[in-house]
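Structure file final-v7.txt (compact mmCIF, C-alpha atoms) follows.
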# COMPACT_ATOMS: atom_id res chain seq x y z
CA MET A 1 53.25 41.34 7.08
CA LYS A 2 55.91 39.25 8.84
CA ILE A 3 54.55 37.79 12.08
CA GLY A 4 56.17 35.78 14.88
CA PHE A 5 54.03 33.39 16.94
CA PHE A 6 55.52 32.65 20.38
CA THR A 7 54.06 29.51 21.99
CA ASP A 8 55.03 26.81 24.49
CA THR A 9 52.97 24.17 22.68
CA TYR A 10 53.12 23.23 19.02
CA PHE A 11 53.15 20.10 16.93
CA PRO A 12 54.11 17.28 17.42
CA GLN A 13 52.49 18.14 20.78
CA VAL A 14 48.75 17.93 20.20
CA SER A 15 46.41 20.40 21.88
CA GLY A 16 43.65 22.85 21.08
CA VAL A 17 46.15 25.71 21.25
CA ALA A 18 48.57 24.00 18.85
CA THR A 19 45.73 23.30 16.43
CA SER A 20 44.43 26.89 16.53
CA ILE A 21 47.95 28.27 15.94
CA LYS A 22 48.49 25.98 12.96
CA THR A 23 45.08 26.92 11.53
CA LEU A 24 45.76 30.65 11.92
CA LYS A 25 49.23 30.32 10.39
CA GLU A 26 47.81 28.61 7.31
CA GLU A 27 45.03 31.18 6.89
CA LEU A 28 47.40 34.14 7.18
CA GLU A 29 49.82 32.61 4.71
CA LYS A 30 46.98 32.05 2.23
CA LYS A 31 46.53 35.83 2.35
CA GLY A 32 50.20 36.42 1.51
CA HIS A 33 51.60 37.00 5.00
CA LYS A 34 54.61 35.19 6.49
CA VAL A 35 54.36 33.48 9.87
CA TYR A 36 57.24 32.07 11.94
CA ILE A 37 56.72 29.84 14.98
CA PHE A 38 58.99 30.38 18.00
CA THR A 39 58.41 27.42 20.29
CA THR A 40 59.87 24.74 22.56
CA THR A 41 62.25 21.96 21.71
CA ASP A 42 60.62 18.55 21.40
CA PRO A 43 62.35 15.14 21.14
CA ASN A 44 59.69 14.01 18.67
CA ALA A 45 59.91 17.04 16.38
CA ASP A 46 61.02 16.77 12.78
CA LEU A 47 64.61 18.01 12.46
CA ASP A 48 63.88 19.68 9.13
CA GLU A 49 61.01 22.04 9.99
CA GLU A 50 60.29 25.08 7.87
CA ASP A 51 59.63 28.44 9.60
CA ILE A 52 59.84 26.90 13.09
CA ILE A 53 62.42 28.15 15.60
CA ARG A 54 62.81 25.90 18.63
CA MET A 55 64.27 27.16 21.90
CA PRO A 56 65.65 25.19 24.89
CA SER A 57 62.81 23.91 27.09
CA VAL A 58 61.91 21.52 29.91
CA PRO A 59 58.68 19.65 30.79
CA PHE A 60 56.17 21.91 32.58
CA VAL A 61 55.39 21.14 36.23
CA SER A 62 52.29 18.93 36.63
CA PHE A 63 51.84 18.78 32.82
CA LYS A 64 54.66 16.49 31.73
CA ASP A 65 53.30 16.32 28.18
CA ARG A 66 53.78 20.09 27.88
CA ARG A 67 57.05 22.01 27.79
CA ILE A 68 58.20 25.51 28.75
CA VAL A 69 61.02 27.62 27.32
CA VAL A 70 63.81 28.23 29.86
CA ARG A 71 66.29 30.35 27.85
CA GLY A 72 67.04 31.71 24.39
CA MET A 73 66.36 35.46 24.63
CA LEU A 74 69.38 36.54 22.57
CA TYR A 75 68.87 33.70 20.07
CA ALA A 76 65.20 34.57 19.56
CA TYR A 77 65.93 38.30 19.31
CA LEU A 78 68.67 37.90 16.71
CA ILE A 79 66.51 35.62 14.56
CA ALA A 80 63.45 37.90 14.89
CA LYS A 81 65.60 40.88 13.91
CA GLU A 82 67.04 39.04 10.92
CA LEU A 83 63.54 38.00 9.82
CA GLU A 84 62.42 41.63 10.17
CA LEU A 85 59.29 40.76 12.13
CA GLU A 86 56.61 43.44 12.10
CA LEU A 87 54.34 41.99 14.79
CA ILE A 88 54.54 39.38 17.53
CA HIS A 89 51.59 37.26 18.65
CA THR A 90 52.07 35.42 21.96
CA HIS A 91 50.00 32.35 22.84
CA THR A 92 51.14 31.68 26.40
CA GLU A 93 51.75 33.73 29.55
CA PHE A 94 54.79 31.63 30.45
CA GLY A 95 58.23 30.95 28.88
CA SER A 96 57.74 31.72 25.20
CA GLY A 97 55.18 34.40 25.95
CA MET A 98 57.59 36.31 28.18
CA LEU A 99 60.27 35.86 25.56
CA GLY A 100 57.97 37.24 22.86
CA LYS A 101 57.26 40.33 24.97
CA MET A 102 60.96 41.01 25.47
CA VAL A 103 61.73 40.53 21.78
CA GLY A 104 58.83 42.83 20.83
CA ARG A 105 60.08 45.52 23.19
CA LYS A 106 63.62 45.27 21.77
CA LEU A 107 62.35 45.45 18.17
CA GLN A 108 59.79 48.15 19.07
CA ILE A 109 56.91 46.36 17.36
CA PRO A 110 53.34 45.53 18.53
CA VAL A 111 52.81 42.44 20.70
CA ILE A 112 49.35 40.84 20.49
CA HIS A 113 48.33 38.16 22.98
CA THR A 114 45.65 35.45 22.92
CA TYR A 115 44.34 34.44 26.35
CA HIS A 116 43.70 30.75 25.65
CA THR A 117 43.31 29.27 29.15
CA MET A 118 41.14 30.02 32.17
CA TYR A 119 43.87 29.23 34.70
CA GLU A 120 41.61 29.32 37.74
CA ASP A 121 40.11 26.05 36.46
CA TYR A 122 43.53 24.35 36.56
CA LEU A 123 45.06 25.48 39.87
CA HIS A 124 44.52 22.07 41.47
CA TYR A 125 47.21 20.65 39.16
CA ILE A 126 49.91 22.84 40.74
CA ALA A 127 50.65 21.62 44.29
CA ASN A 128 46.90 21.01 44.79
CA GLY A 129 46.23 24.74 44.55
CA LYS A 130 48.31 25.52 47.65
CA VAL A 131 51.03 27.52 45.87
CA LEU A 132 49.24 29.37 43.05
CA ARG A 133 45.91 30.91 44.08
CA PRO A 134 43.15 32.79 42.19
CA SER A 135 44.53 36.12 43.42
CA HIS A 136 47.90 35.24 41.87
CA VAL A 137 46.22 34.34 38.56
CA LYS A 138 44.36 37.64 38.58
CA TYR A 139 47.52 39.66 39.23
CA LEU A 140 49.73 37.81 36.72
CA SER A 141 47.06 37.80 33.98
CA ARG A 142 46.43 41.53 34.43
CA LEU A 143 50.16 42.26 34.36
CA PHE A 144 50.75 40.22 31.20
CA ALA A 145 47.69 41.48 29.31
CA ASN A 146 48.25 45.13 30.20
CA HIS A 147 51.77 44.91 28.81
CA SER A 148 50.38 43.73 25.47
CA THR A 149 49.37 46.04 22.64
CA GLY A 150 46.08 44.18 22.34
CA VAL A 151 44.44 41.00 23.61
CA VAL A 152 42.48 38.38 21.65
CA CYS A 153 39.68 36.73 23.67
CA PRO A 154 38.19 33.52 22.20
CA SER A 155 34.84 34.10 23.91
CA GLU A 156 32.69 36.50 25.95
CA ARG A 157 33.64 34.61 29.10
CA VAL A 158 37.31 35.45 28.60
CA ILE A 159 36.80 39.15 27.96
CA ASP A 160 34.48 39.46 30.98
CA THR A 161 37.04 37.68 33.17
CA LEU A 162 39.92 39.89 32.03
CA ARG A 163 37.86 43.04 32.55
CA GLY A 164 37.18 41.77 36.07
CA TYR A 165 40.93 41.34 36.55
CA GLY A 166 41.45 44.99 35.63
CA VAL A 167 42.82 44.58 32.10
CA VAL A 168 42.65 47.87 30.19
CA SER A 169 44.51 46.95 26.98
CA PRO A 170 42.34 46.85 23.82
CA MET A 171 40.51 43.50 23.66
CA ARG A 172 38.48 41.83 20.93
CA ILE A 173 36.45 38.62 20.88
CA ILE A 174 37.69 36.40 18.05
CA PRO A 175 36.47 32.77 18.27
CA THR A 176 38.98 30.22 17.03
CA GLY A 177 37.96 28.87 13.65
CA ILE A 178 38.36 25.35 12.36
CA GLU A 179 39.04 23.81 8.97
CA VAL A 180 35.42 22.91 8.38
CA GLU A 181 36.11 20.48 5.53
CA LYS A 182 38.20 18.27 7.84
CA PHE A 183 35.03 17.50 9.78
CA ARG A 184 32.26 17.95 7.23
CA ARG A 185 33.83 15.01 5.33
CA PRO A 186 31.31 14.03 2.63
CA ASP A 187 33.65 11.11 1.91
CA ILE A 188 32.55 9.42 5.15
CA THR A 189 29.96 6.93 3.95
CA THR A 190 27.08 5.25 5.73
CA ASP A 191 29.03 1.99 5.57
CA MET A 192 32.03 3.61 7.31
CA LYS A 193 29.82 4.88 10.12
CA LYS A 194 28.11 1.51 10.40
CA GLU A 195 31.48 -0.25 10.54
CA LEU A 196 32.67 1.95 13.41
CA ARG A 197 29.46 1.49 15.36
CA GLU A 198 29.69 -2.28 14.90
CA LYS A 199 33.27 -2.16 16.17
CA LEU A 200 31.94 -0.37 19.26
CA GLY A 201 29.10 -2.86 19.61
CA ILE A 202 26.44 -0.24 18.89
CA THR A 203 23.58 -1.00 16.53
CA GLU A 204 22.05 1.46 14.08
CA ASN A 205 19.01 2.00 16.31
CA GLN A 206 20.88 2.62 19.56
CA PRO A 207 21.41 6.34 20.35
CA MET A 208 25.17 6.98 20.52
CA LEU A 209 26.33 9.80 22.79
CA LEU A 210 29.89 10.98 22.18
CA SER A 211 32.24 12.65 24.67
CA LEU A 212 35.54 13.66 23.06
CA SER A 213 38.16 15.60 25.01
CA ARG A 214 41.17 15.33 27.27
CA ILE A 215 40.02 13.16 30.17
CA SER A 216 40.77 15.43 33.09
CA TYR A 217 38.78 16.52 36.13
CA GLU A 218 37.87 19.97 34.80
CA LYS A 219 36.28 18.46 31.67
CA ASN A 220 33.57 17.23 34.08
CA ILE A 221 32.90 13.95 32.23
CA GLN A 222 31.85 12.56 35.61
CA ALA A 223 28.67 14.68 35.37
CA ILE A 224 27.79 13.03 32.05
CA ILE A 225 28.29 9.58 33.55
CA ASP A 226 26.16 10.56 36.56
CA GLY A 227 23.33 11.42 34.19
CA ILE A 228 23.34 8.11 32.31
CA PRO A 229 21.14 6.11 34.78
CA GLU A 230 18.34 8.71 34.48
CA ILE A 231 18.69 8.70 30.68
CA LEU A 232 18.41 4.90 30.66
CA THR A 233 15.03 5.07 32.42
CA LYS A 234 13.63 6.73 29.28
CA ILE A 235 16.10 5.55 26.63
CA PRO A 236 17.22 2.08 27.79
CA ASP A 237 19.43 1.37 24.77
CA ALA A 238 21.50 4.61 24.97
CA GLN A 239 25.27 4.21 24.66
CA LEU A 240 27.97 6.66 25.83
CA VAL A 241 31.34 6.53 24.05
CA ILE A 242 34.21 8.43 25.70
CA VAL A 243 37.15 9.27 23.41
CA GLY A 244 40.42 10.66 24.72
CA LYS A 245 43.16 10.14 27.26
CA GLY A 246 44.16 11.97 30.42
CA PRO A 247 44.88 11.76 34.16
CA HIS A 248 41.24 11.21 35.20
CA LYS A 249 40.56 8.22 32.94
CA GLU A 250 41.25 5.50 35.51
CA LYS A 251 38.97 7.11 38.12
CA LEU A 252 36.16 7.44 35.60
CA GLU A 253 36.54 3.80 34.55
CA GLU A 254 36.23 2.80 38.21
CA LYS A 255 33.16 5.01 38.54
CA VAL A 256 31.49 3.29 35.57
CA VAL A 257 32.14 -0.12 37.15
CA ASP A 258 30.87 1.02 40.57
CA MET A 259 27.67 2.34 38.94
CA ALA A 260 27.20 -0.92 36.99
CA LEU A 261 27.22 0.98 33.68
CA THR A 262 29.79 -1.07 31.76
CA ASP A 263 27.09 -2.21 29.29
CA HIS A 264 26.30 1.41 28.42
CA VAL A 265 29.58 3.34 28.79
CA GLN A 266 32.87 2.55 27.06
CA PHE A 267 36.28 4.21 26.87
CA VAL A 268 37.95 4.19 23.47
CA GLY A 269 41.20 5.96 24.38
CA GLU A 270 42.99 8.38 22.10
CA VAL A 271 42.01 8.38 18.43
CA ALA A 272 44.23 9.37 15.49
CA ASN A 273 43.49 12.85 14.11
CA ASP A 274 42.34 11.52 10.76
CA LYS A 275 39.84 9.20 12.49
CA VAL A 276 38.22 11.78 14.80
CA ALA A 277 35.74 12.98 12.16
CA ILE A 278 34.39 9.44 11.74
CA TYR A 279 33.49 9.35 15.43
CA TYR A 280 31.64 12.66 15.14
CA HIS A 281 29.71 11.38 12.11
CA ALA A 282 28.97 7.98 13.66
CA ALA A 283 27.57 9.58 16.83
CA ASP A 284 23.99 10.75 17.16
CA TYR A 285 24.79 13.41 19.79
CA PHE A 286 27.85 15.19 21.12
CA VAL A 287 27.67 15.72 24.89
CA SER A 288 29.73 17.74 27.35
CA ALA A 289 29.43 19.13 30.88
CA SER A 290 32.75 21.01 30.84
CA THR A 291 32.78 24.48 32.39
CA SER A 292 36.50 25.15 31.87
CA GLU A 293 36.44 25.99 28.17
CA THR A 294 37.33 29.45 26.84
CA GLN A 295 35.77 28.17 23.66
CA GLY A 296 36.30 24.45 22.97
CA LEU A 297 37.13 23.34 19.45
CA THR A 298 35.39 19.98 19.85
CA TYR A 299 32.03 21.78 19.91
CA THR A 300 32.58 23.38 16.51
CA GLU A 301 34.15 20.20 15.13
CA ALA A 302 31.02 18.23 16.07
CA MET A 303 28.86 20.97 14.60
CA ALA A 304 30.81 20.88 11.31
CA ALA A 305 30.16 17.14 11.17
CA GLY A 306 26.44 17.82 11.53
CA THR A 307 26.20 16.18 14.97
CA PRO A 308 23.78 17.97 17.34
CA LEU A 309 25.17 19.11 20.69
CA VAL A 310 23.73 18.67 24.18
CA VAL A 311 26.19 20.64 26.31
CA GLU A 312 26.43 22.68 29.48
CA GLY A 313 25.94 26.29 28.46
CA ASN A 314 27.94 29.49 28.82
CA ASP A 315 27.87 32.84 27.01
CA TYR A 316 29.84 31.45 24.08
CA LEU A 317 27.88 28.21 23.64
CA ASN A 318 24.50 29.84 24.15
CA THR A 319 25.35 32.11 21.23
CA LEU A 320 26.96 29.38 19.11
CA ILE A 321 23.96 27.05 19.41
CA ASP A 322 21.35 29.52 18.17
CA ASP A 323 18.96 27.08 16.49
CA PRO A 324 17.39 23.85 17.83
CA SER A 325 18.67 21.91 14.80
CA LEU A 326 22.22 22.53 16.06
CA GLY A 327 21.56 21.28 19.59
CA VAL A 328 20.71 22.59 23.03
CA THR A 329 22.46 23.90 26.13
CA TYR A 330 21.52 23.32 29.76
CA GLU A 331 22.35 25.28 32.92
CA SER A 332 24.03 22.90 35.37
CA ASP A 333 25.22 19.31 35.87
CA ARG A 334 21.94 18.17 37.37
CA ASP A 335 20.07 19.34 34.26
CA PHE A 336 22.00 17.19 31.80
CA ALA A 337 19.87 14.04 31.82
CA LYS A 338 16.56 15.89 31.56
CA ALA A 339 17.90 18.18 28.81
CA PHE A 340 19.15 15.21 26.84
CA ILE A 341 15.91 13.24 27.17
CA ASP A 342 13.83 16.27 26.15
CA TYR A 343 16.02 16.98 23.13
CA TYR A 344 16.07 13.31 22.09
CA GLU A 345 12.28 13.06 22.25
CA ARG A 346 11.78 16.23 20.16
CA LYS A 347 13.48 14.58 17.13
CA ILE A 348 14.38 17.92 15.56
CA PRO A 349 15.33 17.51 11.88
CA ASP A 350 18.49 18.90 10.29
CA ASP A 351 18.27 22.36 8.76
CA PRO A 352 20.79 22.69 5.86
CA GLU A 353 20.39 26.48 5.65
CA VAL A 354 21.14 26.99 9.34
CA LEU A 355 24.12 24.64 9.15
CA ALA A 356 25.51 26.38 6.04
CA ARG A 357 25.34 29.76 7.80
CA LYS A 358 27.04 28.33 10.85
CA MET A 359 29.84 26.80 8.76
CA TYR A 360 31.13 30.24 7.79
CA GLU A 361 30.83 31.55 11.35
CA ILE A 362 33.06 28.78 12.72
CA SER A 363 35.40 28.58 9.72
CA ALA A 364 39.14 29.11 9.60
CA LEU A 365 38.50 31.63 6.81
CA ARG A 366 36.52 33.94 9.09
CA PHE A 367 39.04 33.36 11.90
CA GLY A 368 41.90 34.52 9.68
CA GLU A 369 39.98 37.54 8.40
CA SER A 370 39.01 38.65 11.91
CA MET A 371 42.53 38.22 13.27
CA LEU A 372 44.10 40.11 10.39
CA SER A 373 41.69 42.99 10.92
CA PHE A 374 42.71 43.10 14.60
CA TYR A 375 46.40 43.05 13.65
CA HIS A 376 45.98 46.06 11.36
CA ASP A 377 44.02 47.95 14.03
CA MET A 378 46.66 47.21 16.66
CA VAL A 379 49.55 48.24 14.38
CA ALA A 380 47.82 51.61 13.91
CA TYR A 381 47.08 51.83 17.66
CA TYR A 382 50.71 51.00 18.53
CA GLU A 383 51.98 53.70 16.18
CA THR A 384 49.59 56.27 17.65
CA GLU A 385 50.66 55.35 21.19
CA ARG A 386 54.34 55.55 20.18
CA ILE A 387 53.93 59.03 18.68
CA GLU A 388 52.01 60.23 21.74
CA LYS A 389 54.69 58.85 24.05
CA GLU A 390 57.49 60.47 22.03
CA THR A 391 55.57 63.76 22.05
CA GLU A 392 55.17 63.60 25.84
CA GLN A 393 58.87 62.85 26.26
CA THR A 394 59.78 65.77 23.98
CA LEU A 395 57.52 68.11 25.95
CA GLU A 396 59.05 66.96 29.23
CA LYS A 397 62.55 67.62 27.89
CA PHE A 398 61.43 71.04 26.65
CA LYS A 399 59.98 71.87 30.09
CA VAL A 400 63.25 70.89 31.78
CA LYS A 401 65.27 73.05 29.39
CA LEU A 402 62.82 75.93 29.81
CA LYS A 403 63.16 75.78 33.60
CA ALA A 404 66.95 75.71 33.28
CA PHE A 405 66.83 78.70 30.92
CA ARG A 406 64.63 80.67 33.32
CA ARG A 407 67.00 80.02 36.19
CA THR A 408 69.90 81.25 34.03
CA VAL A 409 68.02 84.43 33.08
CA ASP A 410 67.00 85.12 36.68

Show this structure as structure tokens.
Amino acid sequence: MKIGFFTDTYFPQVSGVATSIKTLKEELEKKGHKVYIFTTTDPNADLDEEDIIRMPSVPFVSFKDRRIVVRGMLYAYLIAKELELELIHTHTEFGSGMLGKMVGRKLQIPVIHTYHTMYEDYLHYIANGKVLRPSHVKYLSRLFANHSTGVVCPSERVIDTLRGYGVVSPMRIIPTGIEVEKFRRPDITTDMKKELREKLGITENQPMLLSLSRISYEKNIQAIIDGIPEILTKIPDAQLVIVGKGPHKEKLEEKVVDMALTDHVQFVGEVANDKVAIYYHAADYFVSASTSETQGLTYTEAMAAGTPLVVEGNDYLNTLIDDPSLGVTYESDRDFAKAFIDYYERKIPDDPEVLARKMYEISALRFGESMLSFYHDMVAYYETERIEKETEQTLEKFKVKLKAFRRTVD
């Protein structure tokens, strides 16, 4: 099968969406399929990229590190036609996504869409939520999804939200998989973990809590920081390490100073991709209070590294963390400290069998298999819908001719 991915974010831009697209592309190509990426121009992109078609773009409002396609319909259509694409998979509701829909309509092929982002959690970035409102998100999401052949939902939360919006297109929950071996990393030795902890000023006996994400308001890192004083009353040597960059970093640093927590909370900044796994392995716990995730790859990355999670729950995470050896979820921000202390004091040992089972569930292999199955189902569905539509049109034409014939006879 020849497939075109249409996305407004792809490498060298780094994001969860870009990573999931790259992972899916590699898995599909391992199975003998061909995937082409239709995406934005980028001043840092390699000029000699294979299977990547870049279209004119500009920085996206309020997200200057992201770009959006502004033109290129004819260019994209001609290339897609020449490549003989059989299916289009859109990964954004904006520039490239709209372009992918138009190209799919022109080529008369199925258009699958993945709903990656819960936009209601991000409205404050666009004119402080005064221009784009939840009702607008609901309308635009419903319109986009219902004009897709089928919709991929990374979690139960997404499919429930879209059903609430009134989406009636076929939908399937397919969690984004990760390349497990990139995070399992048996090559990371005890000495390497010790070296990193020493660099951070954390001894072997001090519990290291790791927060790793984009540092933005909706990631709710402030709730983790708020819970540290209570944790210190029971675990006085606990250390929180915050990895990442983002617009909320400066405010959080000020918060740590105001709360007199500089001896227990440190900001590392952005970490190179090949170093991220070492942080997961060096940490004793991965923590998060984010409520904006459709899925959250950092959770499965930490799990692949064997690091237990203490995270704010949702339908997806409550299912993902299905054994105490993997971690625990809690209900709300105010429950974080207590949940962490309780889990820390239980000292639950690793369970290799549970972890091995979970590795397949979160793997890129399963992700690719599930997506390919959905593609095949949607190709069949599209063909059935097309035949039914053509039949209806033929019947309508026949009825018109029949009426005209009757008038002539009369």

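Using all atoms listed in the file for every distance, the candidate list A:Tyr139, A:Tyr316, A:Tyr343, A:Phe374 yields A:Tyr343 as the residue closest to Ile231 in chain A.
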
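Closest approach to Gln239 in chain A from the set A:Leu196, A:Val257, A:Ala380, A:Ala283 is made by A:Ala283, with distances taken over all atoms listed in the file.
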
Find the residues of range 10-64 of chain A that sit at most 8 Å from range 75-95 of chain A; for each, write down the nearest two atoms and how far apart they are in Å, to one decimal. Count only C-alpha atoms. Sort by chain, then by number going up, and give it as a Markdown table.
| residue | atom | partner | partner_atom | distance |
| --- | --- | --- | --- | --- |
| A:Val17 | CA | A:His91 | CA | 7.8 |
| A:Phe38 | CA | A:Ala76 | CA | 7.7 |
| A:Met55 | CA | A:Ala76 | CA | 7.8 |

With C-alpha atoms kept, could you save the residues just selected as a PDB file, in the frame of the given file?
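Final file, again.pdb:
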ATOM      1  CA  VAL A  17      46.150  25.710  21.250  1.00  0.00           C
ATOM      2  CA  PHE A  38      58.990  30.380  18.000  1.00  0.00           C
ATOM      3  CA  MET A  55      64.270  27.160  21.900  1.00  0.00           C
TER       4      MET A  55
END

Is it possible to get the residues within 12 Å of (43.3, 32.3, 20.0) (coordinates as in the file, counting all atoms listed in the file) written as a CSV table (one decimal) with C-alpha atoms, keeping the file's coordinate frame?
chain,number,residue,atom,x,y,z
A,5,PHE,CA,54.0,33.4,16.9
A,7,THR,CA,54.1,29.5,22.0
A,16,GLY,CA,43.6,22.8,21.1
A,17,VAL,CA,46.2,25.7,21.2
A,18,ALA,CA,48.6,24.0,18.8
A,19,THR,CA,45.7,23.3,16.4
A,20,SER,CA,44.4,26.9,16.5
A,21,ILE,CA,48.0,28.3,15.9
A,22,LYS,CA,48.5,26.0,13.0
A,23,THR,CA,45.1,26.9,11.5
A,24,LEU,CA,45.8,30.6,11.9
A,25,LYS,CA,49.2,30.3,10.4
A,89,HIS,CA,51.6,37.3,18.6
A,90,THR,CA,52.1,35.4,22.0
A,91,HIS,CA,50.0,32.4,22.8
A,92,THR,CA,51.1,31.7,26.4
A,112,ILE,CA,49.4,40.8,20.5
A,113,HIS,CA,48.3,38.2,23.0
A,114,THR,CA,45.6,35.4,22.9
A,115,TYR,CA,44.3,34.4,26.4
A,116,HIS,CA,43.7,30.8,25.6
A,117,THR,CA,43.3,29.3,29.2
A,151,VAL,CA,44.4,41.0,23.6
A,152,VAL,CA,42.5,38.4,21.6
A,153,CYS,CA,39.7,36.7,23.7
A,154,PRO,CA,38.2,33.5,22.2
A,155,SER,CA,34.8,34.1,23.9
A,158,VAL,CA,37.3,35.4,28.6
A,172,ARG,CA,38.5,41.8,20.9
A,173,ILE,CA,36.4,38.6,20.9
A,174,ILE,CA,37.7,36.4,18.0
A,175,PRO,CA,36.5,32.8,18.3
A,176,THR,CA,39.0,30.2,17.0
A,177,GLY,CA,38.0,28.9,13.6
A,178,ILE,CA,38.4,25.4,12.4
A,294,THR,CA,37.3,29.4,26.8
A,295,GLN,CA,35.8,28.2,23.7
A,296,GLY,CA,36.3,24.4,23.0
A,297,LEU,CA,37.1,23.3,19.4
A,364,ALA,CA,39.1,29.1,9.6
A,367,PHE,CA,39.0,33.4,11.9
A,368,GLY,CA,41.9,34.5,9.7
A,370,SER,CA,39.0,38.6,11.9
A,371,MET,CA,42.5,38.2,13.3

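One distance worth recording is that between CA of Met259 in chain A and CA of Ser332 in chain A, which is 21.2 Å.
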
* Would you kindly return, as a list in words, each protein, DNA or RNA residue with an atom no farther than 12 Å from any atom of Phe60 in chain A, considering all atoms listed in the file and excluding same-chain residues fewer than 6 positions away? => Asp8, Thr9, Thr40, Arg66, Arg67, Ile68, Val69, Val70, Phe94, Gly95, Tyr125 and Ile126 of chain A

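Residue nearest Ile242 in chain A within the list A:Glu270, A:Glu218, A:Asp315, A:Glu390: A:Glu270 [criterion: smallest interatomic distance, only C-alpha atoms].
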
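Going from CA of Glu353 in chain A over to CA of Glu369 in chain A, you cover 22.7 Å.
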
- Task: Would you be able to write out as a count of residues only which residues have an atom within 12 Å of (25.3, 27.8, 26.9) in the file's coordinates, counting only C-alpha atoms?
- Result: 30

Closest of A:Tyr360, A:Tyr10, A:Phe144, A:Phe183 to His281 in chain A, counting only C-alpha atoms, is A:Phe183

*asked:* Give me, as a PyMOL selection string, all polymer residues having an atom no more than 12 Å from Tyr285 in chain A, counting only C-alpha atoms and skipping those fewer than 5 positions away in the same chain.
replied: chain A and resi 206-212+238-241+279-280+299+302-303+305-311+325-328+340-341+343-344+347

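One distance worth recording is that between CA of Asp342 in chain A and CA of Asp226 in chain A, which is 17.1 Å.
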
Repaired coordinates for range 71-75 of chain A (all heavy atoms) as a compact mmCIF listing (two decimals), keeping the file's coordinate frame:
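And here is the file that came out, selection04.txt:
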# COMPACT_ATOMS: atom_id res chain seq x y z
N ARG A 71 65.30 29.34 28.26
CA ARG A 71 66.29 30.35 27.85
C ARG A 71 66.24 30.51 26.34
O ARG A 71 65.53 29.79 25.66
CB ARG A 71 67.70 29.96 28.31
CG ARG A 71 68.18 28.59 27.84
CD ARG A 71 69.49 28.22 28.52
NE ARG A 71 69.86 26.85 28.25
CZ ARG A 71 70.55 26.47 27.17
NH1 ARG A 71 70.93 27.37 26.28
NH2 ARG A 71 70.85 25.20 26.98
N GLY A 72 67.00 31.50 25.83
CA GLY A 72 67.04 31.71 24.39
C GLY A 72 66.68 33.11 23.97
O GLY A 72 66.37 33.36 22.81
N MET A 73 66.74 34.09 24.92
CA MET A 73 66.36 35.46 24.63
C MET A 73 67.18 36.05 23.48
O MET A 73 66.64 36.57 22.50
CB MET A 73 66.51 36.32 25.89
CG MET A 73 66.43 37.82 25.67
SD MET A 73 64.83 38.35 25.02
CE MET A 73 65.24 40.01 24.49
N LEU A 74 68.51 35.96 23.59
CA LEU A 74 69.38 36.54 22.57
C LEU A 74 69.19 35.84 21.23
O LEU A 74 69.09 36.49 20.18
CB LEU A 74 70.85 36.46 23.00
CG LEU A 74 71.88 37.04 22.02
CD1 LEU A 74 71.61 38.52 21.81
CD2 LEU A 74 73.30 36.83 22.54
N TYR A 75 69.08 34.50 21.29
CA TYR A 75 68.87 33.70 20.07
C TYR A 75 67.58 34.11 19.37
O TYR A 75 67.55 34.37 18.16
CB TYR A 75 68.84 32.23 20.49
CG TYR A 75 68.52 31.26 19.38
CD1 TYR A 75 69.35 31.10 18.28
CD2 TYR A 75 67.37 30.46 19.45
CE1 TYR A 75 69.06 30.19 17.28
CE2 TYR A 75 67.07 29.55 18.46
CZ TYR A 75 67.92 29.42 17.37
OH TYR A 75 67.62 28.52 16.38
